[in-house]
>>> print(open('upload00.cif').read())   # mmCIF, C-alpha atoms and all ligand atoms
data_target
loop_
_atom_site.label_atom_id
_atom_site.label_comp_id
_atom_site.auth_asym_id
_atom_site.auth_seq_id
_atom_site.Cartn_x
_atom_site.Cartn_y
_atom_site.Cartn_z
CA MET A 147 0.00 0.00 0.00
CA ALA A 148 1.45 3.24 -1.07
CA SER A 149 1.63 6.15 1.20
CA PHE A 150 2.84 9.61 1.75
CA ARG A 151 4.49 10.05 5.11
CA PRO A 152 2.34 11.76 7.77
CA ALA A 153 1.99 15.46 7.35
CA HIS A 154 4.15 17.73 9.44
CA ARG A 155 4.44 21.47 9.58
CA VAL A 156 7.37 23.26 8.06
CA HIS A 157 6.34 26.90 8.09
CA ARG A 158 3.81 29.22 9.60
CA LEU A 159 2.25 31.24 6.83
CA LEU A 160 -0.91 33.23 6.37
CA PRO A 161 -3.62 30.87 5.05
CA LEU A 162 -4.04 32.65 1.76
CA PRO A 163 -5.55 30.29 -0.83
CA LEU A 164 -3.53 29.93 -4.01
CA VAL A 165 -6.63 29.25 -6.01
CA ASP A 166 -9.88 31.08 -5.51
CA ARG A 167 -13.02 29.01 -5.32
CA LEU A 168 -15.64 30.05 -7.84
CA GLU A 169 -18.66 28.71 -6.02
CA GLY A 170 -21.84 28.57 -8.06
CA TRP A 171 -20.21 28.12 -11.44
CA ALA A 172 -21.39 25.07 -13.30
CA VAL A 173 -18.95 25.28 -16.14
CA LEU A 174 -15.28 25.53 -16.75
CA VAL A 175 -14.48 28.61 -18.79
CA LEU A 176 -11.48 28.55 -21.03
CA PHE A 177 -9.94 31.61 -22.63
CA LEU A 178 -8.10 30.93 -25.86
CA GLY A 179 -5.02 32.95 -26.72
CA ALA A 180 -5.07 35.37 -29.61
CA VAL A 181 -4.54 33.65 -32.95
CA ASP A 182 -3.38 36.60 -35.04
CA GLN A 183 -1.86 40.03 -34.68
CA ALA A 184 -5.18 41.79 -35.17
CA GLN A 185 -6.69 40.16 -32.08
CA SER A 186 -5.10 41.16 -28.82
CA GLY A 187 -5.48 39.40 -25.50
CA PHE A 188 -7.85 36.43 -25.33
CA LEU A 189 -10.76 35.36 -27.47
CA ALA A 190 -14.25 34.92 -26.10
CA PRO A 191 -14.42 32.09 -23.54
CA LEU A 192 -15.51 28.56 -24.38
CA ALA A 193 -17.41 26.78 -21.62
CA PHE A 194 -17.43 23.06 -20.79
CA ASP A 195 -19.46 21.29 -18.12
CA ALA A 196 -17.24 20.44 -15.17
CA GLY A 197 -19.44 19.58 -12.21
CA ILE A 198 -21.47 21.59 -9.70
CA THR A 199 -18.90 24.00 -8.27
CA PRO A 200 -15.58 23.68 -10.09
CA ALA A 201 -12.97 25.09 -7.73
CA SER A 202 -9.59 24.38 -9.29
CA VAL A 203 -8.18 23.22 -12.61
CA ALA A 204 -4.91 21.52 -13.59
CA VAL A 205 -3.40 20.52 -16.93
CA GLY A 206 -1.76 17.30 -18.13
CA ASP A 207 -1.81 14.76 -20.95
CA PHE A 208 -3.67 11.97 -19.21
CA ASN A 209 -4.19 9.66 -22.17
CA GLY A 210 -0.79 10.20 -23.81
CA ASP A 211 -2.07 11.43 -27.15
CA GLY A 212 0.01 14.60 -27.11
CA ARG A 213 -3.04 16.77 -26.50
CA LEU A 214 -3.43 18.59 -23.21
CA ASP A 215 -6.28 17.52 -20.95
CA LEU A 216 -7.88 19.13 -17.91
CA ALA A 217 -8.60 17.95 -14.38
CA VAL A 218 -11.12 19.91 -12.32
CA ALA A 219 -11.81 19.67 -8.57
CA ASP A 220 -15.54 19.99 -7.87
CA PHE A 221 -16.17 21.35 -4.37
CA GLN A 222 -19.79 20.33 -3.94
CA GLY A 223 -19.66 17.23 -6.11
CA ASP A 224 -16.80 15.66 -4.08
CA THR A 225 -15.25 14.67 -7.38
CA VAL A 226 -12.44 15.43 -9.73
CA SER A 227 -13.46 15.52 -13.35
CA VAL A 228 -11.25 14.84 -16.34
CA LEU A 229 -11.86 16.49 -19.70
CA LEU A 230 -9.76 14.98 -22.48
CA GLY A 231 -8.51 17.55 -24.95
CA ASN A 232 -9.18 17.47 -28.67
CA GLY A 233 -6.06 19.51 -29.36
CA ASP A 234 -7.93 22.47 -30.81
CA GLY A 235 -9.00 24.15 -27.57
CA THR A 236 -12.12 22.06 -27.17
CA PHE A 237 -12.64 19.19 -24.75
CA GLN A 238 -14.61 15.98 -24.54
CA PRO A 239 -17.36 15.56 -21.92
CA ALA A 240 -16.07 15.27 -18.37
CA GLN A 241 -15.51 11.94 -16.67
CA TYR A 242 -16.02 12.10 -12.91
CA TYR A 243 -14.03 10.35 -10.19
CA ALA A 244 -14.68 10.40 -6.44
CA ALA A 245 -11.99 12.53 -4.82
CA GLY A 246 -12.96 13.11 -1.18
CA ALA A 247 -14.96 15.58 0.88
CA ARG A 248 -15.18 19.08 -0.51
CA PRO A 249 -12.18 19.07 -2.87
CA GLN A 250 -10.72 22.52 -3.34
CA SER A 251 -7.55 22.10 -5.37
CA VAL A 252 -6.02 19.67 -7.84
CA VAL A 253 -2.49 19.24 -9.18
CA VAL A 254 -0.86 16.89 -11.67
CA GLY A 255 2.28 14.84 -11.02
CA ASP A 256 3.67 11.37 -11.63
CA PHE A 257 3.71 10.32 -8.02
CA ASN A 258 4.45 6.63 -8.52
CA GLY A 259 7.13 7.37 -11.12
CA GLU A 260 6.00 5.08 -13.93
CA GLY A 261 5.67 7.87 -16.48
CA ILE A 262 1.90 8.31 -16.36
CA PRO A 263 0.49 11.54 -14.87
CA ASP A 264 -1.54 11.21 -11.68
CA LEU A 265 -3.75 13.62 -9.73
CA ALA A 266 -3.50 14.93 -6.17
CA VAL A 267 -6.55 16.63 -4.69
CA ALA A 268 -6.80 18.75 -1.53
CA ASN A 269 -9.99 17.82 0.32
CA PHE A 270 -11.55 18.69 3.65
CA GLY A 271 -9.20 16.89 6.02
CA ASP A 272 -7.15 14.85 3.64
CA VAL A 273 -5.32 14.72 0.35
CA SER A 274 -6.34 12.13 -2.20
CA VAL A 275 -4.17 10.72 -4.95
CA LEU A 276 -5.69 9.17 -8.08
CA LEU A 277 -3.13 7.21 -10.04
CA GLY A 278 -3.49 7.49 -13.79
CA ASN A 279 -3.95 4.43 -15.98
CA GLY A 280 -2.47 6.13 -19.04
CA ASP A 281 -5.65 5.96 -21.10
CA GLY A 282 -7.28 9.01 -19.54
CA SER A 283 -8.91 7.06 -16.72
CA PHE A 284 -7.84 7.02 -13.08
CA GLN A 285 -7.77 4.52 -10.23
CA ASP A 286 -9.78 4.89 -7.05
CA ALA A 287 -8.58 7.66 -4.79
CA ARG A 288 -6.09 6.89 -2.02
CA HIS A 289 -6.43 9.17 0.98
CA TYR A 290 -3.69 10.69 3.11
CA ARG A 291 -4.20 12.71 6.23
CA ALA A 292 -3.39 16.39 6.05
CA GLU A 293 -4.85 18.81 8.59
CA VAL A 294 -8.40 19.99 9.18
CA ALA A 295 -9.26 21.57 5.86
CA SER A 296 -6.90 21.64 2.93
CA ARG A 297 -7.48 24.56 0.64
CA SER A 298 -4.65 24.34 -1.86
CA VAL A 299 -2.08 21.75 -2.91
CA ALA A 300 1.20 22.12 -4.80
CA VAL A 301 3.65 19.54 -6.10
CA GLY A 302 7.45 19.42 -6.01
CA ASP A 303 10.36 17.23 -4.98
CA PHE A 304 11.07 18.93 -1.70
CA ASN A 305 13.68 16.52 -0.37
CA GLY A 306 15.48 15.91 -3.66
CA ASP A 307 15.02 12.15 -3.74
CA GLY A 308 13.51 12.12 -7.23
CA HIS A 309 9.96 11.41 -6.01
CA LEU A 310 7.31 14.12 -6.16
CA ASP A 311 6.03 15.36 -2.81
CA LEU A 312 3.05 17.53 -1.89
CA ALA A 313 2.58 20.79 -0.01
CA VAL A 314 -0.91 21.46 1.36
CA THR A 315 -2.31 24.57 2.98
CA ASN A 316 -4.37 24.16 6.14
CA LEU A 317 -7.43 26.22 6.84
CA ASP A 318 -8.75 25.37 10.30
CA PRO A 319 -12.20 26.77 11.07
CA LEU A 320 -11.73 25.94 14.78
CA LEU A 321 -8.63 28.14 14.96
CA ASP A 322 -6.58 25.62 16.90
CA ASP A 323 -2.86 25.15 16.52
CA SER A 324 -3.08 23.85 12.96
CA PHE A 325 -4.30 27.22 11.80
CA GLY A 326 -1.87 29.11 9.64
CA THR A 327 0.28 26.25 8.44
CA VAL A 328 1.30 24.47 5.30
CA SER A 329 1.93 20.73 5.51
CA VAL A 330 4.46 18.76 3.49
CA LEU A 331 3.73 15.14 2.58
CA LEU A 332 6.92 13.40 1.50
CA ASN A 333 6.57 10.66 -1.07
CA ALA A 334 7.37 7.29 0.49
CA ALA A 335 8.13 5.94 -3.01
CA ASP A 336 6.24 2.70 -2.39
CA TRP A 337 3.00 2.61 -4.34
CA GLY A 338 2.48 -1.11 -4.65
CA GLY A 339 0.50 -2.66 -7.43
CA GLY A 340 -2.95 -1.35 -6.64
CA PRO A 341 -4.96 1.09 -4.59
CA CA B 401 -4.49 14.04 -23.90
CA CA B 402 1.89 7.81 -12.37
CA CA B 403 10.67 13.82 -2.82
#
>>> encode(input="upload00.cif", output="structure tokens", more="lines below")
Ligand SMILES: [Ca+2]
Ligand SMILES: [Ca+2]
Ligand SMILES: [Ca+2]
Amino acid sequence: MASFRPAHRVHRLLPLPLVDRLEGWAVLVLFLGAVDQAQSGFLAPLAFDAGITPASVAVGDFNGDGRLDLAVADFQGDTVSVLLGNGDGTFQPAQYYAAGARPQSVVVGDFNGEGIPDLAVANFGDVSVLLGNGDGSFQDARHYRAEVASRSVAVGDFNGDGHLDLAVTNLDPLLDDSFGTVSVLLNAADWGGGP
């Protein structure tokens, strides 16, 4: 059974969310870059269904076709949805995967190191990891304790061992001693053969 090591605090920081939650939106809005010199800025947005309250979006090529795909954390749906890209700025209908309670943030990384992108999702009280299958689908979420309420998650190899780790912000509504922290979950590098 794979695991991240238990969370521990490394800094005391203001609990500013890295990603704002857009509660009430039922679609993911994508702004396309300008395609010629006459058009400055972004074109009009294209919208794709992405759950009840999409809160965070991340980018990766989940099915290995060379076209960028999207992963969206849905706060009220308790899911992460995956929209496979068509390569022209449009996306296929979302596929939904259970992520945890009240997911707020999603990042992409190859956590088990086999070359296929995976997802990490910050939920209310834990972080879930959904290993990618390489065809655009994902395995059942594995859950790792964080603090009371994780608002944002970031990925990086923080101890330089070649395995991607996670940093998770903690928003504690009870204002106890976990308030104002960011937790680091080091990758134990043992993911086994299944969830
Ligand atoms: Ca793709
Ligand atoms: Ca992987
Ligand atoms: Ca590491």
>>> closest_residue(input="upload00.cif", among="A:Glu293, A:Ala300, A:Thr236, A:Leu230", to="Gly326 (chain A)", atoms="only C-alpha atoms")
A:Glu293
>>> residues_near_ligand(input="upload00.cif", ligand="ligand CA 403 (chain B)", cutoff="7 Å", atoms="all atoms listed in the file", output="mmCIF file with C-alpha atoms, in the frame of the given file")
data_model
loop_
_atom_site.group_PDB
_atom_site.id
_atom_site.type_symbol
_atom_site.label_atom_id
_atom_site.label_comp_id
_atom_site.auth_asym_id
_atom_site.auth_seq_id
_atom_site.Cartn_x
_atom_site.Cartn_y
_atom_site.Cartn_z
ATOM 1 C CA ASP A 303 10.360 17.230 -4.980
ATOM 2 C CA PHE A 304 11.070 18.930 -1.700
ATOM 3 C CA ASN A 305 13.680 16.520 -0.370
ATOM 4 C CA GLY A 306 15.480 15.910 -3.660
ATOM 5 C CA ASP A 307 15.020 12.150 -3.740
ATOM 6 C CA GLY A 308 13.510 12.120 -7.230
ATOM 7 C CA HIS A 309 9.960 11.410 -6.010
ATOM 8 C CA LEU A 310 7.310 14.120 -6.160
ATOM 9 C CA ASP A 311 6.030 15.360 -2.810
ATOM 10 C CA LEU A 332 6.920 13.400 1.500
ATOM 11 C CA ASN A 333 6.570 10.660 -1.070
#
>>> residues_around(input="upload00.cif", residues="Ser296 (chain A)", least_positions_apart="2", cutoff="10 Å", atoms="only C-alpha atoms", output="PyMOL selection string")
chain A and resi 163+248-251+267-273+291-294+298-299+313-318+328-329
>>> atom_distance(input="upload00.cif", atom1="CA of Gly261 (chain A)", atom2="CA of Gly231 (chain A)")
19.1 Å
>>> residues_near_ligand(input="upload00.cif", ligand="ligand CA 402 (chain B)", cutoff="6 Å", atoms="all atoms listed in the file", output="PyMOL selection string")
chain A and resi 256-264+277-278
>>> decode(input="upload00.cif", residues="region 224-238 of chain A", atoms="N, CA and C atoms", output="PDB file, in the first residue's frame")
ATOM      1  N   ASP A 224     -17.755  16.593  -4.687  1.00  0.00           N
ATOM      2  CA  ASP A 224     -16.795  15.665  -4.080  1.00  0.00           C
ATOM      3  C   ASP A 224     -16.073  14.830  -5.127  1.00  0.00           C
ATOM      4  N   THR A 225     -15.873  15.402  -6.279  1.00  0.00           N
ATOM      5  CA  THR A 225     -15.246  14.674  -7.378  1.00  0.00           C
ATOM      6  C   THR A 225     -14.117  15.482  -7.998  1.00  0.00           C
ATOM      7  N   VAL A 226     -13.327  14.780  -8.781  1.00  0.00           N
ATOM      8  CA  VAL A 226     -12.440  15.434  -9.726  1.00  0.00           C
ATOM      9  C   VAL A 226     -12.870  14.945 -11.106  1.00  0.00           C
ATOM     10  N   SER A 227     -13.032  15.888 -12.012  1.00  0.00           N
ATOM     11  CA  SER A 227     -13.460  15.518 -13.352  1.00  0.00           C
ATOM     12  C   SER A 227     -12.302  15.673 -14.321  1.00  0.00           C
ATOM     13  N   VAL A 228     -12.310  14.840 -15.333  1.00  0.00           N
ATOM     14  CA  VAL A 228     -11.253  14.837 -16.337  1.00  0.00           C
ATOM     15  C   VAL A 228     -11.884  15.105 -17.693  1.00  0.00           C
ATOM     16  N   LEU A 229     -11.382  16.126 -18.373  1.00  0.00           N
ATOM     17  CA  LEU A 229     -11.864  16.485 -19.702  1.00  0.00           C
ATOM     18  C   LEU A 229     -10.715  16.269 -20.676  1.00  0.00           C
ATOM     19  N   LEU A 230     -10.823  15.266 -21.510  1.00  0.00           N
ATOM     20  CA  LEU A 230      -9.761  14.984 -22.477  1.00  0.00           C
ATOM     21  C   LEU A 230      -9.793  16.021 -23.588  1.00  0.00           C
ATOM     22  N   GLY A 231      -8.618  16.499 -23.950  1.00  0.00           N
ATOM     23  CA  GLY A 231      -8.510  17.553 -24.946  1.00  0.00           C
ATOM     24  C   GLY A 231      -8.563  17.017 -26.362  1.00  0.00           C
ATOM     25  N   ASN A 232      -9.149  17.802 -27.255  1.00  0.00           N
ATOM     26  CA  ASN A 232      -9.177  17.466 -28.674  1.00  0.00           C
ATOM     27  C   ASN A 232      -7.998  18.082 -29.429  1.00  0.00           C
ATOM     28  N   GLY A 233      -7.231  18.912 -28.736  1.00  0.00           N
ATOM     29  CA  GLY A 233      -6.060  19.506 -29.359  1.00  0.00           C
ATOM     30  C   GLY A 233      -6.330  20.807 -30.082  1.00  0.00           C
ATOM     31  N   ASP A 234      -7.575  21.230 -30.114  1.00  0.00           N
ATOM     32  CA  ASP A 234      -7.926  22.474 -30.805  1.00  0.00           C
ATOM     33  C   ASP A 234      -8.560  23.490 -29.851  1.00  0.00           C
ATOM     34  N   GLY A 235      -8.398  23.250 -28.553  1.00  0.00           N
ATOM     35  CA  GLY A 235      -8.997  24.150 -27.565  1.00  0.00           C
ATOM     36  C   GLY A 235     -10.360  23.709 -27.085  1.00  0.00           C
ATOM     37  N   THR A 236     -10.860  22.628 -27.657  1.00  0.00           N
ATOM     38  CA  THR A 236     -12.121  22.060 -27.171  1.00  0.00           C
ATOM     39  C   THR A 236     -11.833  20.769 -26.417  1.00  0.00           C
ATOM     40  N   PHE A 237     -12.835  20.339 -25.629  1.00  0.00           N
ATOM     41  CA  PHE A 237     -12.638  19.188 -24.749  1.00  0.00           C
ATOM     42  C   PHE A 237     -13.828  18.256 -24.814  1.00  0.00           C
ATOM     43  N   GLN A 238     -13.568  16.990 -24.587  1.00  0.00           N
ATOM     44  CA  GLN A 238     -14.614  15.980 -24.544  1.00  0.00           C
ATOM     45  C   GLN A 238     -15.385  16.082 -23.224  1.00  0.00           C
TER      46      GLN A 238
END
